[in-house]
Structures are given as structure tokens and as C-alpha cells.
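Asks: This is my_file_38.pdb (PDB, C-alpha atoms and all ligand atoms).
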ATOM      1  CA  MET A   1     -48.256  10.356  61.437  1.00  0.00           C
ATOM      2  CA  LYS A   2     -51.741  11.787  61.079  1.00  0.00           C
ATOM      3  CA  LYS A   3     -52.856  12.842  57.642  1.00  0.00           C
ATOM      4  CA  LEU A   4     -54.828  16.008  57.173  1.00  0.00           C
ATOM      5  CA  CYS A   5     -57.925  16.461  55.043  1.00  0.00           C
ATOM      6  CA  PRO A   6     -56.931  18.205  51.771  1.00  0.00           C
ATOM      7  CA  GLU A   7     -60.238  20.103  51.733  1.00  0.00           C
ATOM      8  CA  CYS A   8     -60.560  21.540  55.233  1.00  0.00           C
ATOM      9  CA  GLY A   9     -57.166  20.773  56.769  1.00  0.00           C
ATOM     10  CA  GLY A  10     -58.763  18.873  59.612  1.00  0.00           C
ATOM     11  CA  LYS A  11     -57.425  15.670  61.093  1.00  0.00           C
ATOM     12  CA  ILE A  12     -58.594  12.460  59.467  1.00  0.00           C
ATOM     13  CA  ILE A  13     -59.989  10.023  61.954  1.00  0.00           C
ATOM     14  CA  GLY A  14     -60.698   6.432  61.025  1.00  0.00           C
ATOM     15  CA  ARG A  15     -59.324   3.957  58.545  1.00  0.00           C
ATOM     16  CA  GLU A  16     -55.696   4.184  57.462  1.00  0.00           C
ATOM     17  CA  ASP A  17     -56.552   4.668  53.765  1.00  0.00           C
ATOM     18  CA  LYS A  18     -59.118   7.422  54.339  1.00  0.00           C
ATOM     19  CA  LYS A  19     -58.199  10.519  52.331  1.00  0.00           C
ATOM     20  CA  PHE A  20     -60.795  12.984  53.565  1.00  0.00           C
ATOM     21  CA  CYS A  21     -62.313  13.690  56.949  1.00  0.00           C
ATOM     22  CA  SER A  22     -65.861  13.349  55.611  1.00  0.00           C
ATOM     23  CA  ASP A  23     -67.997  12.619  52.549  1.00  0.00           C
ATOM     24  CA  TYR A  24     -68.778  16.306  52.446  1.00  0.00           C
ATOM     25  CA  CYS A  25     -65.104  17.237  52.090  1.00  0.00           C
ATOM     26  CA  ARG A  26     -64.446  14.479  49.560  1.00  0.00           C
ATOM     27  CA  ASN A  27     -67.307  15.717  47.356  1.00  0.00           C
ATOM     28  CA  ALA A  28     -66.366  19.379  47.745  1.00  0.00           C
ATOM     29  CA  TYR A  29     -62.752  18.635  46.830  1.00  0.00           C
ATOM     30  CA  ASN A  30     -63.569  16.471  43.809  1.00  0.00           C
ATOM     31  CA  ASN A  31     -66.089  18.996  42.488  1.00  0.00           C
ATOM     32  CA  LYS A  32     -63.428  21.704  42.598  1.00  0.00           C
ATOM     33  CA  VAL A  33     -60.893  19.558  40.734  1.00  0.00           C
ATOM     34  CA  ASN A  34     -63.471  18.732  38.054  1.00  0.00           C
ATOM     35  CA  LYS A  35     -64.464  22.367  37.754  1.00  0.00           C
ATOM     36  CA  ASP A  36     -60.849  23.421  37.232  1.00  0.00           C
ATOM     37  CA  SER A  37     -60.248  20.908  34.463  1.00  0.00           C
ATOM     38  CA  LYS A  38     -63.562  21.854  32.832  1.00  0.00           C
ATOM     39  CA  ASN A  39     -62.523  25.506  32.904  1.00  0.00           C
ATOM     40  CA  LEU A  40     -59.159  24.659  31.413  1.00  0.00           C
ATOM     41  CA  ILE A  41     -60.761  22.769  28.544  1.00  0.00           C
ATOM     42  CA  ARG A  42     -63.337  25.489  27.969  1.00  0.00           C
ATOM     43  CA  ASN A  43     -60.706  28.243  27.936  1.00  0.00           C
ATOM     44  CA  THR A  44     -58.490  26.260  25.565  1.00  0.00           C
ATOM     45  CA  ASN A  45     -61.421  25.624  23.226  1.00  0.00           C
ATOM     46  CA  ASN A  46     -62.291  29.316  23.270  1.00  0.00           C
ATOM     47  CA  ARG A  47     -58.706  30.247  22.428  1.00  0.00           C
ATOM     48  CA  LEU A  48     -58.611  27.761  19.552  1.00  0.00           C
ATOM     49  CA  ARG A  49     -61.954  28.991  18.235  1.00  0.00           C
ATOM     50  CA  LYS A  50     -60.709  32.593  18.336  1.00  0.00           C
ATOM     51  CA  ASN A  51     -57.473  31.677  16.537  1.00  0.00           C
ATOM     52  CA  TYR A  52     -59.431  29.723  13.944  1.00  0.00           C
ATOM     53  CA  LYS A  53     -61.701  32.670  13.270  1.00  0.00           C
ATOM     54  CA  ILE A  54     -58.741  35.047  12.885  1.00  0.00           C
ATOM     55  CA  LEU A  55     -57.029  32.724  10.381  1.00  0.00           C
ATOM     56  CA  SER A  56     -60.263  32.117   8.464  1.00  0.00           C
ATOM     57  CA  ASP A  57     -61.027  35.837   8.236  1.00  0.00           C
ATOM     58  CA  LEU A  58     -57.522  36.708   7.035  1.00  0.00           C
ATOM     59  CA  ASN A  59     -57.271  33.805   4.633  1.00  0.00           C
ATOM     60  CA  LYS A  60     -60.367  34.012   2.455  1.00  0.00           C
ATOM     61  CA  SER A  61     -58.529  32.856  -0.651  1.00  0.00           C
ATOM     62  CA  GLY A  62     -56.970  29.764   0.958  1.00  0.00           C
ATOM     63  CA  LYS A  63     -53.421  31.112   0.658  1.00  0.00           C
ATOM     64  CA  THR A  64     -52.416  34.498   2.068  1.00  0.00           C
ATOM     65  CA  LYS A  65     -49.234  36.168   3.287  1.00  0.00           C
ATOM     66  CA  VAL A  66     -49.613  38.277   6.435  1.00  0.00           C
ATOM     67  CA  ASN A  67     -47.353  40.124   8.838  1.00  0.00           C
ATOM     68  CA  ARG A  68     -47.008  38.936  12.436  1.00  0.00           C
ATOM     69  CA  VAL A  69     -48.242  42.322  13.674  1.00  0.00           C
ATOM     70  CA  LYS A  70     -51.510  41.858  11.841  1.00  0.00           C
ATOM     71  CA  LEU A  71     -52.087  38.563  13.639  1.00  0.00           C
ATOM     72  CA  LEU A  72     -51.087  39.984  17.022  1.00  0.00           C
ATOM     73  CA  ASN A  73     -53.339  43.014  16.530  1.00  0.00           C
ATOM     74  CA  GLN A  74     -56.254  40.628  16.328  1.00  0.00           C
ATOM     75  CA  ASN A  75     -55.028  38.900  19.497  1.00  0.00           C
ATOM     76  CA  PHE A  76     -53.895  35.792  17.718  1.00  0.00           C
ATOM     77  CA  ASP A  77     -52.235  33.501  20.293  1.00  0.00           C
ATOM     78  CA  PHE A  78     -49.339  31.475  18.883  1.00  0.00           C
ATOM     79  CA  ASN A  79     -49.471  29.079  21.853  1.00  0.00           C
ATOM     80  CA  PHE A  80     -52.699  27.496  20.688  1.00  0.00           C
ATOM     81  CA  PHE A  81     -52.834  25.185  17.681  1.00  0.00           C
ATOM     82  CA  THR A  82     -54.156  21.682  17.088  1.00  0.00           C
ATOM     83  CA  SER A  83     -51.355  20.069  15.076  1.00  0.00           C
ATOM     84  CA  ILE A  84     -47.908  20.557  13.609  1.00  0.00           C
ATOM     85  CA  TYR A  85     -46.763  19.342  10.219  1.00  0.00           C
ATOM     86  CA  THR A  86     -43.108  19.351   9.167  1.00  0.00           C
ATOM     87  CA  THR A  87     -42.362  18.839   5.484  1.00  0.00           C
ATOM     88  CA  LYS A  88     -39.422  16.836   4.133  1.00  0.00           C
ATOM     89  CA  THR A  89     -37.698  20.112   3.377  1.00  0.00           C
ATOM     90  CA  GLY A  90     -37.951  21.127   7.032  1.00  0.00           C
ATOM     91  CA  ASN A  91     -40.769  23.663   6.893  1.00  0.00           C
ATOM     92  CA  THR A  92     -43.042  23.519   9.920  1.00  0.00           C
ATOM     93  CA  TYR A  93     -46.707  24.303   9.471  1.00  0.00           C
ATOM     94  CA  PHE A  94     -48.890  24.963  12.490  1.00  0.00           C
ATOM     95  CA  TYR A  95     -52.545  24.121  12.171  1.00  0.00           C
ATOM     96  CA  VAL A  96     -55.674  25.245  13.942  1.00  0.00           C
ATOM     97  CA  TYR A  97     -57.986  22.566  12.592  1.00  0.00           C
ATOM     98  CA  ASP A  98     -57.768  23.037   8.795  1.00  0.00           C
ATOM     99  CA  GLN A  99     -56.300  26.554   8.895  1.00  0.00           C
ATOM    100  CA  GLY A 100     -52.526  26.510   8.880  1.00  0.00           C
ATOM    101  CA  TYR A 101     -49.693  28.984   9.034  1.00  0.00           C
ATOM    102  CA  LEU A 102     -46.071  28.734   8.058  1.00  0.00           C
ATOM    103  CA  PRO A 103     -43.556  31.149   9.585  1.00  0.00           C
ATOM    104  CA  LEU A 104     -41.609  32.913   6.815  1.00  0.00           C
ATOM    105  CA  GLU A 105     -38.710  35.348   6.966  1.00  0.00           C
ATOM    106  CA  ASN A 106     -39.012  38.888   8.346  1.00  0.00           C
ATOM    107  CA  ASP A 107     -41.997  38.192  10.610  1.00  0.00           C
ATOM    108  CA  TYR A 108     -44.271  37.111   7.805  1.00  0.00           C
ATOM    109  CA  TYR A 109     -46.561  34.112   7.783  1.00  0.00           C
ATOM    110  CA  LEU A 110     -48.065  32.157   4.967  1.00  0.00           C
ATOM    111  CA  LEU A 111     -51.640  31.267   5.838  1.00  0.00           C
ATOM    112  CA  ILE A 112     -52.827  28.159   4.120  1.00  0.00           C
ATOM    113  CA  LYS A 113     -56.031  26.169   4.268  1.00  0.00           C
ATOM    114  CA  ARG A 114     -55.750  22.395   4.263  1.00  0.00           C
ATOM    115  CA  GLU A 115     -57.520  20.813   1.292  1.00  0.00           C
TER     116      GLU A 115
HETATM  117 ZN    ZN B 201     -62.323  17.861  55.713  1.00  0.00          ZN
END
As C-alpha cells - that is how I would like this structure written.
Replies:
Amino acid sequence: MKKLCPECGGKIIGREDKKFCSDYCRNAYNNKVNKDSKNLIRNTNNRLRKNYKILSDLNKSGKTKVNRVKLLNQNFDFNFFTSIYTTKTGNTYFYVYDQGYLPLENDYYLLIKRE
């Protein structure tokens, strides 16, 4: 069975283990893959930076209670955090670097800065 080049879809002629029809296609394909993963990392970093800024701005004192709506209004994205910490009593803190938040009852959050 003939393999097809993943970049251009053309037939691959030559050695059995050849993955691309040409050096050109191999380079073009690999550059695209690298670009995608670079974009992913850049977008994730941007999201984390934005979340960090929102938490820092809202939590000037180091410990602040806020409503979920207030976070969402600033486009806080709950999918992006850097670590999770669960206490012995079963409370789960989410951290964006040293800025954390603990979900409370009734859509409130306790913002807390790590010492
Ligand atoms: Zn090709």
C-alpha cells in the first residue's frame, strides 16, 4: 500500500520508511506543527497572565471575598490555573501562581495570596 505525503497528499516514492514526498514538504509540515504548539503555549500564557492580573487587582489586601459574577465580568477564565491545593479538611484552592481562590457557598470566592 502506498503512503501519501501528509503535507501535500502526493504519493511517496522511494524508501519504505519515507514519511514525506520531499524535504520541502517535511519542513513545511514540521514548521506548521511547531507553530501550532507555540501558539497554544502563547495563548495559555496570555490567559494565565490575564487571570493573574484580575485576581491581583481584586485582592489588594491579600484576602478578599468576591462574587463569581464580578470575576466573570472581568473575563476571568476558570479553566486556567497553575496548581490546585486541597486541604486536610477537603477545601480545594485553585492557584494562578501565588494568587489563589477558594470556591465558597452561593457563588462566592475567597481570594487569597500565597505567603
Ligand atoms: Zn508532499
Asks: Show me, as CSV, the residues of chain A having an atom within 12 Å of ligand ZN 201 (chain B), each with the closest atom pair and its distance in Å, using only C-alpha atoms and all ligand atoms.
Replies:
residue,atom,partner,partner_atom,distance
A:Lys3,CA,B:ZN201,ZN,10.9
A:Leu4,CA,B:ZN201,ZN,7.9
A:Cys5,CA,B:ZN201,ZN,4.7
A:Pro6,CA,B:ZN201,ZN,6.7
A:Glu7,CA,B:ZN201,ZN,5.0
A:Cys8,CA,B:ZN201,ZN,4.1
A:Gly9,CA,B:ZN201,ZN,6.0
A:Gly10,CA,B:ZN201,ZN,5.4
A:Lys11,CA,B:ZN201,ZN,7.6
A:Ile12,CA,B:ZN201,ZN,7.6
A:Ile13,CA,B:ZN201,ZN,10.3
A:Lys18,CA,B:ZN201,ZN,11.0
A:Lys19,CA,B:ZN201,ZN,9.1
A:Phe20,CA,B:ZN201,ZN,5.5
A:Cys21,CA,B:ZN201,ZN,4.4
A:Ser22,CA,B:ZN201,ZN,5.7
A:Asp23,CA,B:ZN201,ZN,8.3
A:Tyr24,CA,B:ZN201,ZN,7.4
A:Cys25,CA,B:ZN201,ZN,4.6
A:Arg26,CA,B:ZN201,ZN,7.3
A:Asn27,CA,B:ZN201,ZN,10.0
A:Ala28,CA,B:ZN201,ZN,9.1
A:Tyr29,CA,B:ZN201,ZN,8.9
Asks: If you keep C-alpha atoms, can you produce a file of those selected residues as a short mmCIF file (atom, residue, chain, number, x, y, z; two decimals), in the coordinates of the input?
Replies:
data_model
loop_
_atom_site.label_atom_id
_atom_site.label_comp_id
_atom_site.auth_asym_id
_atom_site.auth_seq_id
_atom_site.Cartn_x
_atom_site.Cartn_y
_atom_site.Cartn_z
CA LYS A 3 -52.86 12.84 57.64
CA LEU A 4 -54.83 16.01 57.17
CA CYS A 5 -57.92 16.46 55.04
CA PRO A 6 -56.93 18.20 51.77
CA GLU A 7 -60.24 20.10 51.73
CA CYS A 8 -60.56 21.54 55.23
CA GLY A 9 -57.17 20.77 56.77
CA GLY A 10 -58.76 18.87 59.61
CA LYS A 11 -57.42 15.67 61.09
CA ILE A 12 -58.59 12.46 59.47
CA ILE A 13 -59.99 10.02 61.95
CA LYS A 18 -59.12 7.42 54.34
CA LYS A 19 -58.20 10.52 52.33
CA PHE A 20 -60.80 12.98 53.56
CA CYS A 21 -62.31 13.69 56.95
CA SER A 22 -65.86 13.35 55.61
CA ASP A 23 -68.00 12.62 52.55
CA TYR A 24 -68.78 16.31 52.45
CA CYS A 25 -65.10 17.24 52.09
CA ARG A 26 -64.45 14.48 49.56
CA ASN A 27 -67.31 15.72 47.36
CA ALA A 28 -66.37 19.38 47.74
CA TYR A 29 -62.75 18.64 46.83
#
Asks: In Å, how far is it from CA of Val96 (chain A) to CA of Asn51 (chain A)?
Replies: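 Atom-to-atom, CA of Val96 (chain A) and CA of Asn51 (chain A) are spaced 7.2 Å apart.
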Asks: Starting from the shown file, work through the PyMOL selection byres (((chain A and resi 59-63) around 9) and not hetatm) and note down what comes out as a list in words.
Replies: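 Applying the PyMOL selection byres (((chain A and resi 59-63) around 9) and not hetatm) to the structure shown produces Ile54, Leu55, Ser56, Asp57, Leu58, Thr64, Lys65, Gln99, Leu110, Leu111, Ile112, Lys113, Arg114 and Glu115 of chain A.
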Asks: Mind checking which residues fall within 12 Å of region 104-107 of chain A, counting all atoms listed in the file, ignoring those fewer than 3 positions away in the same chain, and posting them as a list in words?
Replies: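 My reading of the contact set: Thr64, Lys65, Val66, Asn67, Arg68, Val69, Lys70, Leu71, Leu72, Asn91, Thr92, Tyr93, Tyr101, Leu110 and Leu111 of chain A.
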Asks: Any idea what the distance is between CA of Gln74 (chain A) and CA of Phe94 (chain A)?
Replies: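 Between CA of Gln74 (chain A) and CA of Phe94 (chain A) the gap works out to 17.7 Å.
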Asks: Could you check how far CA of Tyr109 (chain A) sits from CA of Leu48 (chain A), in Å to one decimal?
Replies: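 Computing the Euclidean distance for CA of Tyr109 (chain A) and CA of Leu48 (chain A) yields 18.0 Å.
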Asks: Using all atoms listed in the file, which residue out of A:Leu102, A:Gly90, A:Arg49, A:Tyr97 lies closest to Asp77 (chain A)?
Replies: A:Arg49
Asks: Closest to Phe76 (chain A) among A:Arg15, A:Lys53, A:Arg42, A:Lys35, using only C-alpha atoms?
Replies: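 Of the candidates, the smallest distance to Phe76 (chain A) is held by A:Lys53.
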Asks: Taking only C-alpha atoms into account, name the residue in A:Thr44, A:Tyr52, A:Tyr108, A:Gly14 that is nearest to Tyr95 (chain A).
Replies: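 Smallest separation from Tyr95 (chain A) among the options: A:Tyr52.
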Asks: Reconstruct region 53-85 of chain A at the level of N, CA and C atoms, and format the result as a PDB file, keeping the file's coordinate frame.
Replies:
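Okay, this is what ended up in result_25.pdb:
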ATOM      1  N   LYS A  53     -60.936  31.601  13.910  1.00  0.00           N
ATOM      2  CA  LYS A  53     -61.701  32.670  13.270  1.00  0.00           C
ATOM      3  C   LYS A  53     -60.766  33.717  12.651  1.00  0.00           C
ATOM      4  N   ILE A  54     -59.712  34.061  13.385  1.00  0.00           N
ATOM      5  CA  ILE A  54     -58.741  35.047  12.885  1.00  0.00           C
ATOM      6  C   ILE A  54     -58.110  34.547  11.586  1.00  0.00           C
ATOM      7  N   LEU A  55     -57.665  33.286  11.582  1.00  0.00           N
ATOM      8  CA  LEU A  55     -57.029  32.724  10.381  1.00  0.00           C
ATOM      9  C   LEU A  55     -58.027  32.657   9.228  1.00  0.00           C
ATOM     10  N   SER A  56     -59.246  32.231   9.513  1.00  0.00           N
ATOM     11  CA  SER A  56     -60.263  32.117   8.464  1.00  0.00           C
ATOM     12  C   SER A  56     -60.575  33.482   7.863  1.00  0.00           C
ATOM     13  N   ASP A  57     -60.705  34.490   8.718  1.00  0.00           N
ATOM     14  CA  ASP A  57     -61.027  35.837   8.236  1.00  0.00           C
ATOM     15  C   ASP A  57     -59.903  36.410   7.378  1.00  0.00           C
ATOM     16  N   LEU A  58     -58.658  36.152   7.772  1.00  0.00           N
ATOM     17  CA  LEU A  58     -57.522  36.708   7.035  1.00  0.00           C
ATOM     18  C   LEU A  58     -57.220  35.923   5.767  1.00  0.00           C
ATOM     19  N   ASN A  59     -57.667  34.687   5.729  1.00  0.00           N
ATOM     20  CA  ASN A  59     -57.271  33.805   4.633  1.00  0.00           C
ATOM     21  C   ASN A  59     -58.476  33.346   3.814  1.00  0.00           C
ATOM     22  N   LYS A  60     -59.153  34.320   3.220  1.00  0.00           N
ATOM     23  CA  LYS A  60     -60.367  34.012   2.455  1.00  0.00           C
ATOM     24  C   LYS A  60     -60.046  33.226   1.183  1.00  0.00           C
ATOM     25  N   SER A  61     -58.861  33.478   0.631  1.00  0.00           N
ATOM     26  CA  SER A  61     -58.529  32.856  -0.651  1.00  0.00           C
ATOM     27  C   SER A  61     -57.957  31.443  -0.484  1.00  0.00           C
ATOM     28  N   GLY A  62     -57.567  31.079   0.739  1.00  0.00           N
ATOM     29  CA  GLY A  62     -56.970  29.764   0.958  1.00  0.00           C
ATOM     30  C   GLY A  62     -55.454  29.808   1.016  1.00  0.00           C
ATOM     31  N   LYS A  63     -54.868  30.945   0.617  1.00  0.00           N
ATOM     32  CA  LYS A  63     -53.421  31.112   0.658  1.00  0.00           C
ATOM     33  C   LYS A  63     -53.116  32.606   0.717  1.00  0.00           C
ATOM     34  N   THR A  64     -52.611  33.063   1.857  1.00  0.00           N
ATOM     35  CA  THR A  64     -52.416  34.498   2.068  1.00  0.00           C
ATOM     36  C   THR A  64     -51.152  34.738   2.874  1.00  0.00           C
ATOM     37  N   LYS A  65     -50.411  35.802   2.520  1.00  0.00           N
ATOM     38  CA  LYS A  65     -49.234  36.168   3.287  1.00  0.00           C
ATOM     39  C   LYS A  65     -49.603  37.334   4.209  1.00  0.00           C
ATOM     40  N   VAL A  66     -49.316  37.182   5.498  1.00  0.00           N
ATOM     41  CA  VAL A  66     -49.613  38.277   6.435  1.00  0.00           C
ATOM     42  C   VAL A  66     -48.418  38.527   7.348  1.00  0.00           C
ATOM     43  N   ASN A  67     -48.378  39.734   7.878  1.00  0.00           N
ATOM     44  CA  ASN A  67     -47.353  40.124   8.838  1.00  0.00           C
ATOM     45  C   ASN A  67     -47.763  39.669  10.233  1.00  0.00           C
ATOM     46  N   ARG A  68     -46.757  39.370  11.053  1.00  0.00           N
ATOM     47  CA  ARG A  68     -47.008  38.936  12.436  1.00  0.00           C
ATOM     48  C   ARG A  68     -47.839  39.961  13.219  1.00  0.00           C
ATOM     49  N   VAL A  69     -47.537  41.246  12.963  1.00  0.00           N
ATOM     50  CA  VAL A  69     -48.242  42.322  13.674  1.00  0.00           C
ATOM     51  C   VAL A  69     -49.749  42.252  13.421  1.00  0.00           C
ATOM     52  N   LYS A  70     -50.095  41.932  12.189  1.00  0.00           N
ATOM     53  CA  LYS A  70     -51.510  41.858  11.841  1.00  0.00           C
ATOM     54  C   LYS A  70     -52.218  40.765  12.647  1.00  0.00           C
ATOM     55  N   LEU A  71     -51.531  39.656  12.827  1.00  0.00           N
ATOM     56  CA  LEU A  71     -52.087  38.563  13.639  1.00  0.00           C
ATOM     57  C   LEU A  71     -52.177  38.974  15.107  1.00  0.00           C
ATOM     58  N   LEU A  72     -51.111  39.587  15.609  1.00  0.00           N
ATOM     59  CA  LEU A  72     -51.087  39.984  17.022  1.00  0.00           C
ATOM     60  C   LEU A  72     -52.129  41.061  17.312  1.00  0.00           C
ATOM     61  N   ASN A  73     -52.326  41.965  16.349  1.00  0.00           N
ATOM     62  CA  ASN A  73     -53.339  43.014  16.530  1.00  0.00           C
ATOM     63  C   ASN A  73     -54.730  42.437  16.730  1.00  0.00           C
ATOM     64  N   GLN A  74     -54.949  41.279  16.167  1.00  0.00           N
ATOM     65  CA  GLN A  74     -56.254  40.628  16.328  1.00  0.00           C
ATOM     66  C   GLN A  74     -56.256  39.675  17.518  1.00  0.00           C
ATOM     67  N   ASN A  75     -55.186  39.765  18.315  1.00  0.00           N
ATOM     68  CA  ASN A  75     -55.028  38.900  19.497  1.00  0.00           C
ATOM     69  C   ASN A  75     -54.862  37.428  19.158  1.00  0.00           C
ATOM     70  N   PHE A  76     -54.234  37.169  18.036  1.00  0.00           N
ATOM     71  CA  PHE A  76     -53.895  35.792  17.718  1.00  0.00           C
ATOM     72  C   PHE A  76     -52.903  35.285  18.763  1.00  0.00           C
ATOM     73  N   ASP A  77     -53.109  34.054  19.257  1.00  0.00           N
ATOM     74  CA  ASP A  77     -52.235  33.501  20.293  1.00  0.00           C
ATOM     75  C   ASP A  77     -51.478  32.301  19.717  1.00  0.00           C
ATOM     76  N   PHE A  78     -50.161  32.502  19.526  1.00  0.00           N
ATOM     77  CA  PHE A  78     -49.339  31.475  18.883  1.00  0.00           C
ATOM     78  C   PHE A  78     -49.144  30.219  19.741  1.00  0.00           C
ATOM     79  N   ASN A  79     -49.603  30.260  20.981  1.00  0.00           N
ATOM     80  CA  ASN A  79     -49.471  29.079  21.853  1.00  0.00           C
ATOM     81  C   ASN A  79     -50.558  28.038  21.617  1.00  0.00           C
ATOM     82  N   PHE A  80     -51.571  28.414  20.838  1.00  0.00           N
ATOM     83  CA  PHE A  80     -52.699  27.496  20.688  1.00  0.00           C
ATOM     84  C   PHE A  80     -52.876  27.048  19.254  1.00  0.00           C
ATOM     85  N   PHE A  81     -52.618  25.787  18.993  1.00  0.00           N
ATOM     86  CA  PHE A  81     -52.834  25.185  17.681  1.00  0.00           C
ATOM     87  C   PHE A  81     -53.197  23.716  17.909  1.00  0.00           C
ATOM     88  N   THR A  82     -53.697  23.062  16.891  1.00  0.00           N
ATOM     89  CA  THR A  82     -54.156  21.682  17.088  1.00  0.00           C
ATOM     90  C   THR A  82     -53.180  20.645  16.542  1.00  0.00           C
ATOM     91  N   SER A  83     -52.340  21.026  15.576  1.00  0.00           N
ATOM     92  CA  SER A  83     -51.355  20.069  15.076  1.00  0.00           C
ATOM     93  C   SER A  83     -50.193  20.783  14.392  1.00  0.00           C
ATOM     94  N   ILE A  84     -49.111  20.038  14.259  1.00  0.00           N
ATOM     95  CA  ILE A  84     -47.908  20.557  13.609  1.00  0.00           C
ATOM     96  C   ILE A  84     -47.568  19.612  12.467  1.00  0.00           C
ATOM     97  N   TYR A  85     -47.166  20.180  11.345  1.00  0.00           N
ATOM     98  CA  TYR A  85     -46.763  19.342  10.219  1.00  0.00           C
ATOM     99  C   TYR A  85     -45.427  19.845   9.686  1.00  0.00           C
TER     100      TYR A  85
END
